[in-house]
Structure formats: C-alpha cells, structure tokens
file data.pdb (PDB, C-alpha atoms)
ATOM      1  CA  MET K   1      93.925  60.567 111.845
ATOM      2  CA  TYR K   2      94.722  58.690 108.614
ATOM      3  CA  PRO K   3      98.436  58.780 107.655
ATOM      4  CA  LEU K   4      98.035  55.732 105.410
ATOM      5  CA  LEU K   5      94.978  55.738 103.148
ATOM      6  CA  LEU K   6      95.582  52.572 101.150
ATOM      7  CA  GLU K   7      97.992  49.637 101.042
ATOM      8  CA  ILE K   8      97.923  47.041  98.268
ATOM      9  CA  GLY K   9     100.867  44.677  98.176
ATOM     10  CA  GLY K  10     103.939  46.870  98.318
ATOM     11  CA  PHE K  11     102.068  49.997  97.248
ATOM     12  CA  ARG K  12     101.180  52.534  99.914
ATOM     13  CA  LEU K  13      99.112  55.660  99.438
ATOM     14  CA  HIS K  14      99.908  58.178 102.168
ATOM     15  CA  SER K  15      97.477  60.994 102.910
ATOM     16  CA  TYR K  16     100.293  63.547 103.069
ATOM     17  CA  GLY K  17     101.672  62.582  99.667
ATOM     18  CA  LEU K  18      98.201  62.648  98.121
ATOM     19  CA  ALA K  19      97.497  66.090  99.586
ATOM     20  CA  VAL K  20     100.826  67.477  98.356
ATOM     21  CA  ALA K  21     100.163  66.121  94.859
ATOM     22  CA  ALA K  22      96.667  67.641  94.889
ATOM     23  CA  ALA K  23      98.070  70.943  96.163
ATOM     24  CA  VAL K  24     100.630  71.115  93.351
ATOM     25  CA  LEU K  25      98.115  70.222  90.634
ATOM     26  CA  LEU K  26      95.477  72.680  91.870
ATOM     27  CA  ALA K  27      98.069  75.433  92.236
ATOM     28  CA  LEU K  28      99.363  74.855  88.698
ATOM     29  CA  TRP K  29      95.812  74.893  87.326
ATOM     30  CA  LEU K  30      94.919  78.164  89.042
ATOM     31  CA  ALA K  31      98.265  79.769  88.191
ATOM     32  CA  GLY K  32      97.793  78.790  84.544
ATOM     33  CA  ARG K  33      94.339  80.343  84.496
ATOM     34  CA  GLU K  34      95.620  83.601  85.969
ATOM     35  CA  ALA K  35      98.673  83.637  83.694
ATOM     36  CA  ARG K  36      96.453  83.396  80.619
ATOM     37  CA  ARG K  37      94.289  86.230  81.940
ATOM     38  CA  LYS K  38      97.437  88.322  82.271
ATOM     39  CA  ARG K  39      98.293  87.515  78.641
ATOM     40  CA  PHE K  40     101.170  85.139  79.164
ATOM     41  CA  GLY K  41     101.613  82.359  76.643
ATOM     42  CA  PRO K  42      99.599  79.162  77.252
ATOM     43  CA  ALA K  43     102.739  77.081  77.900
ATOM     44  CA  VAL K  44     104.474  79.425  80.357
ATOM     45  CA  ILE K  45     103.189  77.770  83.546
ATOM     46  CA  GLU K  46     103.783  74.294  82.116
ATOM     47  CA  GLU K  47     107.412  75.170  81.360
ATOM     48  CA  LEU K  48     107.851  76.913  84.700
ATOM     49  CA  ALA K  49     106.381  74.030  86.689
ATOM     50  CA  LEU K  50     109.278  71.554  86.428
ATOM     51  CA  PRO K  51     112.127  73.742  87.751
ATOM     52  CA  VAL K  52     109.953  75.401  90.388
ATOM     53  CA  VAL K  53     108.364  72.195  91.720
ATOM     54  CA  LEU K  54     111.682  70.318  91.715
ATOM     55  CA  ALA K  55     113.540  73.154  93.437
ATOM     56  CA  GLY K  56     110.632  73.633  95.834
ATOM     57  CA  PHE K  57     110.636  70.024  97.014
ATOM     58  CA  LEU K  58     114.411  69.923  97.429
ATOM     59  CA  GLY K  59     114.428  73.266  99.251
ATOM     60  CA  ALA K  60     111.591  72.163 101.519
ATOM     61  CA  ARG K  61     113.407  68.945 102.368
ATOM     62  CA  LEU K  62     116.710  70.733 103.032
ATOM     63  CA  GLY K  63     114.939  73.312 105.185
ATOM     64  CA  TYR K  64     113.368  70.539 107.245
ATOM     65  CA  VAL K  65     116.661  68.697 107.679
ATOM     66  CA  VAL K  66     118.519  71.833 108.809
ATOM     67  CA  GLY K  67     115.771  72.821 111.241
ATOM     68  CA  TRP K  68     114.589  69.460 112.609
ATOM     69  CA  GLU K  69     117.028  66.652 111.662
ATOM     70  CA  PRO K  70     120.487  68.243 111.217
ATOM     71  CA  GLU K  71     122.176  64.933 112.066
ATOM     72  CA  LEU K  72     121.249  63.716 108.565
ATOM     73  CA  LEU K  73     123.834  66.132 107.168
ATOM     74  CA  TRP K  74     126.649  63.855 108.377
ATOM     75  CA  ARG K  75     124.880  60.590 109.222
ATOM     76  CA  ASP K  76     122.864  60.053 106.037
ATOM     77  CA  PRO K  77     123.623  62.701 103.363
ATOM     78  CA  LEU K  78     121.471  60.920 100.779
ATOM     79  CA  GLY K  79     118.537  61.257 103.167
ATOM     80  CA  ILE K  80     118.663  65.017 102.654
ATOM     81  CA  VAL K  81     117.056  64.676  99.214
ATOM     82  CA  ALA K  82     114.669  61.857 100.198
ATOM     83  CA  VAL K  83     111.502  63.917  99.890
ATOM     84  CA  TRP K  84     109.411  60.735  99.790
ATOM     85  CA  ARG K  85     110.214  60.133 103.464
ATOM     86  CA  GLY K  86     108.187  63.181 104.449
ATOM     87  CA  GLY K  87     109.439  66.087 106.492
ATOM     88  CA  LEU K  88     109.177  69.254 104.401
ATOM     89  CA  ALA K  89     109.650  72.844 105.585
ATOM     90  CA  LEU K  90     107.472  75.202 103.570
ATOM     91  CA  HIS K  91     109.713  78.236 103.977
ATOM     92  CA  GLY K  92     112.667  76.349 102.478
ATOM     93  CA  GLY K  93     110.522  75.222  99.563
ATOM     94  CA  LEU K  94     109.289  78.743  98.897
ATOM     95  CA  VAL K  95     112.804  80.216  98.878
ATOM     96  CA  ALA K  96     114.113  77.560  96.487
ATOM     97  CA  GLY K  97     111.013  77.726  94.299
ATOM     98  CA  PHE K  98     111.214  81.511  94.030
ATOM     99  CA  GLY K  99     114.878  81.259  93.097
ATOM    100  CA  ALA K 100     114.002  78.868  90.278
ATOM    101  CA  ALA K 101     111.152  81.141  89.140
ATOM    102  CA  ILE K 102     113.437  84.196  89.017
ATOM    103  CA  TRP K 103     115.984  82.214  86.983
ATOM    104  CA  PHE K 104     113.222  81.123  84.585
ATOM    105  CA  CYS K 105     111.858  84.649  84.134
ATOM    106  CA  ARG K 106     115.298  86.087  83.430
ATOM    107  CA  ARG K 107     116.112  83.329  80.984
ATOM    108  CA  ARG K 108     112.814  83.824  79.143
ATOM    109  CA  ARG K 109     112.761  87.628  79.598
ATOM    110  CA  LEU K 110     109.336  87.564  81.224
ATOM    111  CA  ALA K 111     107.745  90.203  83.457
ATOM    112  CA  ALA K 112     108.589  88.594  86.798
ATOM    113  CA  TRP K 113     106.301  90.694  89.004
ATOM    114  CA  ARG K 114     103.319  90.195  86.697
ATOM    115  CA  LEU K 115     103.903  86.446  86.663
ATOM    116  CA  ALA K 116     104.287  86.461  90.456
ATOM    117  CA  ASP K 117     100.919  88.207  90.727
ATOM    118  CA  ALA K 118      99.381  85.427  88.649
ATOM    119  CA  ALA K 119     100.859  82.830  90.997
ATOM    120  CA  ALA K 120      99.790  84.494  94.268
ATOM    121  CA  PRO K 121      96.249  83.024  94.559
ATOM    122  CA  ALA K 122      97.588  79.626  93.500
ATOM    123  CA  LEU K 123     100.152  79.686  96.298
ATOM    124  CA  ALA K 124      97.457  80.348  98.899
ATOM    125  CA  LEU K 125      95.285  77.542  97.510
ATOM    126  CA  GLY K 126      98.167  75.076  97.441
ATOM    127  CA  GLN K 127      99.120  75.881 101.009
ATOM    128  CA  ALA K 128      95.559  75.341 102.240
ATOM    129  CA  VAL K 129      95.312  71.920 100.582
ATOM    130  CA  GLY K 130      98.778  70.930 101.769
ATOM    131  CA  ARG K 131      97.867  71.681 105.381
ATOM    132  CA  LEU K 132      94.964  69.238 105.129
ATOM    133  CA  GLY K 133      97.573  66.591 104.381
ATOM    134  CA  CYS K 134      99.505  67.654 107.476
ATOM    135  CA  PHE K 135      96.341  67.244 109.535
ATOM    136  CA  LEU K 136      95.650  63.749 108.215
ATOM    137  CA  SER K 137      99.225  62.586 108.820
ATOM    138  CA  GLY K 138      99.684  64.346 112.169
ATOM    139  CA  ASP K 139     102.535  66.481 110.839
ATOM    140  CA  ALA K 140     102.991  70.094 112.026
ATOM    141  CA  TYR K 141     100.830  69.225 115.028
ATOM    142  CA  GLY K 142      99.498  71.597 117.662
ATOM    143  CA  THR K 143     100.119  72.172 121.346
ATOM    144  CA  PRO K 144      98.058  70.390 124.029
ATOM    145  CA  ALA K 145      94.623  71.988 124.257
ATOM    146  CA  ASP K 146      91.604  72.002 126.544
ATOM    147  CA  VAL K 147      89.065  73.196 123.982
ATOM    148  CA  PRO K 148      85.971  71.446 122.572
ATOM    149  CA  TRP K 149      87.485  71.209 119.086
ATOM    150  CA  ALA K 150      90.802  69.657 120.184
ATOM    151  CA  VAL K 151      91.857  66.557 118.230
ATOM    152  CA  THR K 152      93.467  63.400 119.604
ATOM    153  CA  PHE K 153      95.683  61.223 117.426
ATOM    154  CA  THR K 154      95.521  57.483 118.074
ATOM    155  CA  ASN K 155      97.058  55.993 114.922
ATOM    156  CA  PRO K 156     100.607  54.780 115.697
ATOM    157  CA  ALA K 157     101.724  55.915 112.237
ATOM    158  CA  ALA K 158     100.780  59.532 112.977
ATOM    159  CA  LEU K 159     103.618  61.994 113.524
ATOM    160  CA  ALA K 160     101.807  63.747 116.382
ATOM    161  CA  PRO K 161     101.912  62.659 120.052
ATOM    162  CA  LEU K 162      99.315  59.963 120.674
ATOM    163  CA  GLY K 163      96.452  60.188 123.143
ATOM    164  CA  VAL K 164      96.852  63.912 123.855
ATOM    165  CA  PRO K 165      94.169  66.476 122.886
ATOM    166  CA  LEU K 166      95.881  69.004 120.605
ATOM    167  CA  HIS K 167      95.039  72.239 118.852
ATOM    168  CA  PRO K 168      94.196  71.392 115.189
ATOM    169  CA  VAL K 169      96.680  74.053 114.116
ATOM    170  CA  GLN K 170      96.854  72.572 110.621
ATOM    171  CA  LEU K 171      93.168  73.404 110.158
ATOM    172  CA  TYR K 172      93.670  76.865 111.640
ATOM    173  CA  GLU K 173      96.257  77.572 108.979
ATOM    174  CA  ALA K 174      94.245  75.983 106.170
ATOM    175  CA  GLY K 175      91.268  78.195 107.059
ATOM    176  CA  LEU K 176      93.409  81.338 107.183
ATOM    177  CA  ASP K 177      95.012  80.383 103.860
ATOM    178  CA  LEU K 178      91.532  80.225 102.319
ATOM    179  CA  VAL K 179      90.729  83.668 103.737
ATOM    180  CA  LEU K 180      93.942  84.960 102.154
ATOM    181  CA  LEU K 181      92.943  83.285  98.872
ATOM    182  CA  ALA K 182      89.571  85.066  98.982
ATOM    183  CA  VAL K 183      91.290  88.433  99.526
ATOM    184  CA  LEU K 184      93.732  87.831  96.679
ATOM    185  CA  TRP K 185      90.969  86.653  94.360
ATOM    186  CA  GLY K 186      88.721  89.598  95.137
ATOM    187  CA  THR K 187      91.445  92.204  94.554
ATOM    188  CA  ARG K 188      93.252  90.683  91.588
ATOM    189  CA  ARG K 189      91.644  92.609  88.703
ATOM    190  CA  HIS K 190      92.758  96.151  89.506
ATOM    191  CA  PRO K 191      96.147  96.075  91.269
ATOM    192  CA  ALA K 192      97.708  99.467  91.985
ATOM    193  CA  PHE K 193     101.098  98.231  90.741
ATOM    194  CA  GLU K 194     102.702  95.095  89.348
ATOM    195  CA  GLY K 195     103.748  92.868  92.204
ATOM    196  CA  ARG K 196     101.007  93.980  94.579
ATOM    197  CA  GLN K 197      99.227  90.627  94.710
ATOM    198  CA  PHE K 198     102.444  88.749  95.318
ATOM    199  CA  VAL K 199     103.514  91.176  98.046
ATOM    200  CA  LEU K 200     100.044  90.872  99.584
ATOM    201  CA  TRP K 201     100.336  87.094  99.557
ATOM    202  CA  ALA K 202     103.858  87.142 101.064
ATOM    203  CA  GLY K 203     102.921  89.551 103.835
ATOM    204  CA  GLY K 204      99.600  87.847 104.506
ATOM    205  CA  TYR K 205     101.087  84.380 104.691
ATOM    206  CA  ALA K 206     103.946  85.573 106.891
ATOM    207  CA  LEU K 207     101.398  87.056 109.291
ATOM    208  CA  ILE K 208      99.438  83.800 109.267
ATOM    209  CA  ARG K 209     102.561  81.859 110.225
ATOM    210  CA  VAL K 210     103.442  84.271 113.023
ATOM    211  CA  VAL K 211      99.992  83.603 114.506
ATOM    212  CA  THR K 212      99.709  79.857 113.917
ATOM    213  CA  GLU K 213     103.235  79.117 115.155
ATOM    214  CA  THR K 214     101.938  80.091 118.598
ATOM    215  CA  PHE K 215      99.892  76.872 118.541
ATOM    216  CA  ARG K 216     102.557  74.578 117.044
ATOM    217  CA  GLY K 217     103.733  71.719 119.227
ATOM    218  CA  ASP K 218     106.826  70.970 117.124
ATOM    219  CA  ARG K 219     108.245  74.499 116.981
ATOM    220  CA  VAL K 220     111.976  75.119 117.219
ATOM    221  CA  GLU K 221     112.512  77.771 119.884
ATOM    222  CA  LEU K 222     114.911  80.666 119.353
ATOM    223  CA  GLY K 223     114.286  82.443 122.653
ATOM    224  CA  LEU K 224     112.480  85.670 123.538
ATOM    225  CA  GLY K 225     109.205  83.826 122.978
ATOM    226  CA  LEU K 226     109.875  83.346 119.257
ATOM    227  CA  SER K 227     110.217  80.168 117.241
ATOM    228  CA  LEU K 228     112.567  79.802 114.282
ATOM    229  CA  LEU K 229     109.720  80.079 111.785
ATOM    230  CA  GLN K 230     108.167  83.044 113.586
ATOM    231  CA  ALA K 231     111.455  84.915 113.258
ATOM    232  CA  VAL K 232     111.697  84.013 109.577
ATOM    233  CA  SER K 233     108.063  85.004 109.033
ATOM    234  CA  LEU K 234     108.568  88.376 110.717
ATOM    235  CA  ALA K 235     111.520  89.024 108.402
ATOM    236  CA  VAL K 236     109.372  88.091 105.393
ATOM    237  CA  LEU K 237     106.580  90.362 106.629
ATOM    238  CA  TRP K 238     108.882  93.372 106.895
ATOM    239  CA  ALA K 239     110.415  92.551 103.490
ATOM    240  CA  ALA K 240     106.926  92.408 101.955
ATOM    241  CA  VAL K 241     106.005  95.792 103.446
ATOM    242  CA  ALA K 242     109.260  97.303 102.160
ATOM    243  CA  ALA K 243     108.824  95.779  98.698
ATOM    244  CA  GLY K 244     105.253  97.058  98.515
ATOM    245  CA  ALA K 245     106.379 100.574  99.433
ATOM    246  CA  VAL K 246     109.157 100.550  96.818
ATOM    247  CA  LEU K 247     106.937  99.174  94.046
ATOM    248  CA  SER K 248     104.159 101.623  94.874
ATOM    249  CA  ALA K 249     106.568 104.575  94.874
ATOM    250  CA  ARG K 250     108.050 103.420  91.567
ATOM    251  CA  ARG K 251     104.575 103.236  90.050
ATOM    252  CA  ILE K 252     103.719 106.762  91.260
ATOM    253  CA  ILE K 253     106.979 108.188  89.892
ATOM    254  CA  THR K 254     106.434 106.491  86.532
ATOM    255  CA  SER K 255     102.853 107.784  86.331
ATOM    256  CA  ASN K 256     103.984 111.338  87.127
ATOM    257  CA  ARG K 257     106.640 111.199  84.418
ATOM    258  CA  GLU K 258     104.113 109.951  81.881
ATOM    259  CA  THR K 259     101.724 112.753  82.873
ATOM    260  CA  ASP K 260     104.437 115.428  82.641
ATOM    261  CA  GLY K 261     105.583 114.082  79.310
TER
END

call {"tool": "encode", "arguments": {"input": "data.pdb", "output": "structure tokens"}}
result
Amino acid sequence: MYPLLLEIGGFRLHSYGLAVAAAVLLALWLAGREARRKRFGPAVIEELALPVVLAGFLGARLGYVVGWEPELLWRDPLGIVAVWRGGLALHGGLVAGFGAAIWFCRRRRLAAWRLADAAAPALALGQAVGRLGCFLSGDAYGTPADVPWAVTFTNPAALAPLGVPLHPVQLYEAGLDLVLLAVLWGTRRHPAFEGRQFVLWAGGYALIRVVTETFRGDRVELGLGLSLLQAVSLAVLWAAVAAGAVLSARRIITSNRETDG
C-alpha cells in the first residue's frame, strides 16, 4: 500500500502517523460533543486529552515492545518510548489511557462512568480510523488468503510480507468498529445505567478482537488455538459482562430504595 505519503527534504509524512493523528483529533471532537451533551464543562475533554493521549501512546508502545520486541528492554531501553518509530499495541494504550482518565476524574471529582459513556463512541471512531492507517502501512497484517478481496503488498517499506495475497484484516476490524460506533450512537440517549455505553463498547470491541485475531498474520500464539490478544480480549469481555451486571444491579437497588422512600 502506501506507508510513506510524502517526502520533502528531510520531512516524511507516513500514512500510519497521519491516520493516528486523525483518529485522535476525531475522537477528541466526538468525545467533546458527547461530554457537553452530558453537561460536563466545555474544557473537560481538552484538559483530559493531554494525560490520556500521552499515557495512551506510551502504554501502546510499551505493550508492543513487551509482546513483539522484548529485546528492546535490555538492548535499547530508550527505544521503548520511541513512539515515532511505529509499533503500537492498542490494548496497552487503552489500559494506560484508562488509568490516566481515572486519575483525572478522581482529581477533579468528576462522574467517571458518565464521562466514560461520553467517550465510548469516540473510542470506536478512533479505532476505525486508526486501522485504516494500519492498512496503508501494512501493519497488523492478515494471514495468507485465497479470496477475491485479498490484498498484496508490494511496497518494500510496508510492514506486511511482500507478494503474498493476505486477508485485509485491518479493514475487517475498521468495518466492525464502525458497526459498533453505530450501535453506541443509536443507544446513547437512554442508557439503563451510568457506564452502560462504556461497558457496551468494551465488550463489543473485545469481541471484535477475538474474531479478527483469527485472521491476523502477526499474532503471538499462546497455545490452545489462542493468541495473546485473544486471551486478553476474552478477559476484557468477561470483565465487561461482570461490570454491566454489577452496574445494572446497583441501579435497580437504588431505584427500589428511592421508590420505597
């Protein structure tokens, strides 16, 4: 595909970097819109963006290094934080970003679940756009495929194997992310409890990754037919189901108490 979009002198514009930047900006815009609808202050998302984005990039880079290039831990420690080199693991970024968001909400005494609900559609949108960058750069490539829509990478700068028809798994995930976005957008106005949209996003995205990992050509195998990220995604899926059950039960108990009172 097109890993390098533009080169002028020493300046290089990489498709992956452009897609990640677009994903972050679009996600912040949509999250800000939803936050205002949920009556958060106009500057909340702007103030939240710096710690979450910074932690997210560092967590994504560290997750990639641990899973795919662990030798950097002792060979080139500074390379661990070199996010500009590429190689980001989304699960690591999400964990670090959520940690920063929880810290921010506690520091500002904000309703964390309500803010998470506002961010849920934005997360799905950002992930869809980011996967387009993976497709253009050949990152997170698919397994060899004998299907009419298989893609073959020929650019030597691509991260995918060259000259081999592959499943366009990046596009599979981008499409499923957009379906998840549509579900979140269509159900956002009348949630049964605070946190429902976020739990729906977490469970939905985990399920998407369980499915799409089947077609990943760069997966790290754990055994028993599972990859590392499939195992992590299954854990996230069960955690989302459990969190949804707890939050729903808490809402029912609170409603009953208000009715009795």

call {"tool": "resolve_selection", "arguments": {"input": "data.pdb", "expression": "the PyMOL selection byres ((chain K and resi 123) around 10)", "output": "PDB file with C-alpha atoms, in the frame of the given file"}}
result
ATOM      1  CA  ALA K  23      98.070  70.943  96.163  1.00  0.00           C
ATOM      2  CA  VAL K  24     100.630  71.115  93.351  1.00  0.00           C
ATOM      3  CA  LEU K  26      95.477  72.680  91.870  1.00  0.00           C
ATOM      4  CA  ALA K  27      98.069  75.433  92.236  1.00  0.00           C
ATOM      5  CA  LEU K  28      99.363  74.855  88.698  1.00  0.00           C
ATOM      6  CA  LEU K  30      94.919  78.164  89.042  1.00  0.00           C
ATOM      7  CA  ALA K  31      98.265  79.769  88.191  1.00  0.00           C
ATOM      8  CA  LEU K  94     109.289  78.743  98.897  1.00  0.00           C
ATOM      9  CA  ALA K 116     104.287  86.461  90.456  1.00  0.00           C
ATOM     10  CA  ALA K 118      99.381  85.427  88.649  1.00  0.00           C
ATOM     11  CA  ALA K 119     100.859  82.830  90.997  1.00  0.00           C
ATOM     12  CA  ALA K 120      99.790  84.494  94.268  1.00  0.00           C
ATOM     13  CA  PRO K 121      96.249  83.024  94.559  1.00  0.00           C
ATOM     14  CA  ALA K 122      97.588  79.626  93.500  1.00  0.00           C
ATOM     15  CA  ALA K 124      97.457  80.348  98.899  1.00  0.00           C
ATOM     16  CA  LEU K 125      95.285  77.542  97.510  1.00  0.00           C
ATOM     17  CA  GLY K 126      98.167  75.076  97.441  1.00  0.00           C
ATOM     18  CA  GLN K 127      99.120  75.881 101.009  1.00  0.00           C
ATOM     19  CA  ALA K 128      95.559  75.341 102.240  1.00  0.00           C
ATOM     20  CA  ASP K 177      95.012  80.383 103.860  1.00  0.00           C
ATOM     21  CA  LEU K 181      92.943  83.285  98.872  1.00  0.00           C
ATOM     22  CA  PHE K 198     102.444  88.749  95.318  1.00  0.00           C
ATOM     23  CA  TRP K 201     100.336  87.094  99.557  1.00  0.00           C
ATOM     24  CA  ALA K 202     103.858  87.142 101.064  1.00  0.00           C
ATOM     25  CA  TYR K 205     101.087  84.380 104.691  1.00  0.00           C
TER      26      TYR K 205
END

call {"tool": "atom_distance", "arguments": {"input": "data.pdb", "atom1": "atom CA of Ala89 of chain K", "atom2": "atom CA of Ala21 of chain K"}}
result
15.8 Å

call {"tool": "closest_atom_pairs", "arguments": {"input": "data.pdb", "of": "segment 136-233 of chain K", "to": "segment 49-68 of chain K", "cutoff": "10 Å", "atoms": "only C-alpha atoms", "output": "Markdown table"}}
result
| residue | atom | partner | partner_atom | distance |
| --- | --- | --- | --- | --- |
| K:Asp218 | CA | K:Trp68 | CA | 9.1 |
| K:Arg219 | CA | K:Trp68 | CA | 9.2 |
| K:Val220 | CA | K:Gly67 | CA | 7.4 |
| K:Leu228 | CA | K:Gly67 | CA | 8.3 |
| K:Leu229 | CA | K:Gly67 | CA | 9.5 |

call {"tool": "closest_residue", "arguments": {"input": "data.pdb", "among": "K:Leu13, K:Ala140, K:Leu25, K:Ala231", "to": "Ile45 of chain K", "atoms": "only C-alpha atoms"}}
result
K:Leu25

call {"tool": "closest_residue", "arguments": {"input": "data.pdb", "among": "K:Leu110, K:Gly217, K:Leu5, K:Leu162", "to": "Tyr141 of chain K", "atoms": "all atoms listed in the file"}}
result
K:Gly217

call {"tool": "resolve_selection", "arguments": {"input": "data.pdb", "expression": "the PyMOL selection byres ((chain K and resi 138) around 12)", "output": "tab-separated table (two decimals) with C-alpha atoms, in the frame of the given file"}}
result
chain	number	residue	atom	x	y	z
K	1	MET	CA	93.92	60.57	111.84
K	2	TYR	CA	94.72	58.69	108.61
K	3	PRO	CA	98.44	58.78	107.66
K	4	LEU	CA	98.04	55.73	105.41
K	14	HIS	CA	99.91	58.18	102.17
K	15	SER	CA	97.48	60.99	102.91
K	16	TYR	CA	100.29	63.55	103.07
K	86	GLY	CA	108.19	63.18	104.45
K	87	GLY	CA	109.44	66.09	106.49
K	131	ARG	CA	97.87	71.68	105.38
K	132	LEU	CA	94.96	69.24	105.13
K	133	GLY	CA	97.57	66.59	104.38
K	134	CYS	CA	99.50	67.65	107.48
K	135	PHE	CA	96.34	67.24	109.54
K	136	LEU	CA	95.65	63.75	108.22
K	137	SER	CA	99.22	62.59	108.82
K	139	ASP	CA	102.54	66.48	110.84
K	140	ALA	CA	102.99	70.09	112.03
K	141	TYR	CA	100.83	69.22	115.03
K	142	GLY	CA	99.50	71.60	117.66
K	151	VAL	CA	91.86	66.56	118.23
K	152	THR	CA	93.47	63.40	119.60
K	153	PHE	CA	95.68	61.22	117.43
K	154	THR	CA	95.52	57.48	118.07
K	155	ASN	CA	97.06	55.99	114.92
K	156	PRO	CA	100.61	54.78	115.70
K	157	ALA	CA	101.72	55.92	112.24
K	158	ALA	CA	100.78	59.53	112.98
K	159	LEU	CA	103.62	61.99	113.52
K	160	ALA	CA	101.81	63.75	116.38
K	161	PRO	CA	101.91	62.66	120.05
K	162	LEU	CA	99.32	59.96	120.67
K	166	LEU	CA	95.88	69.00	120.60
K	167	HIS	CA	95.04	72.24	118.85
K	168	PRO	CA	94.20	71.39	115.19
K	169	VAL	CA	96.68	74.05	114.12
K	170	GLN	CA	96.85	72.57	110.62
K	171	LEU	CA	93.17	73.40	110.16
K	216	ARG	CA	102.56	74.58	117.04
K	217	GLY	CA	103.73	71.72	119.23
K	218	ASP	CA	106.83	70.97	117.12

call {"tool": "residues_near_point", "arguments": {"input": "data.pdb", "point": "(104.3, 80.6, 115.3)", "cutoff": "6 Å", "atoms": "all atoms listed in the file", "output": "PyMOL selection string"}}
result
chain K and resi 209-214+230

call {"tool": "residues_around", "arguments": {"input": "data.pdb", "residues": "segment 250-254 of chain K", "least_positions_apart": "5", "cutoff": "9 Å", "atoms": "all atoms listed in the file", "output": "VMD selection string"}}
result
chain K and resid 192 to 194 245 259

call {"tool": "residues_around", "arguments": {"input": "data.pdb", "residues": "Leu48 of chain K", "least_positions_apart": "6", "cutoff": "10 Å", "atoms": "all atoms listed in the file", "output": "list in words"}}
result
Leu28, Ala100, Ala101, Trp103, Phe104 and Cys105 of chain K

call {"tool": "atom_distance", "arguments": {"input": "data.pdb", "atom1": "atom CA of Val179 of chain K", "atom2": "atom CA of Leu18 of chain K"}}
result
23.0 Å

call {"tool": "atom_distance", "arguments": {"input": "data.pdb", "atom1": "atom CA of Ile208 of chain K", "atom2": "atom CA of Arg36 of chain K"}}
result
28.8 Å

call {"tool": "closest_residue", "arguments": {"input": "data.pdb", "among": "K:Leu115, K:Gly130, K:Glu7, K:Ala150", "to": "Ala19 of chain K", "atoms": "all atoms listed in the file"}}
result
K:Gly130
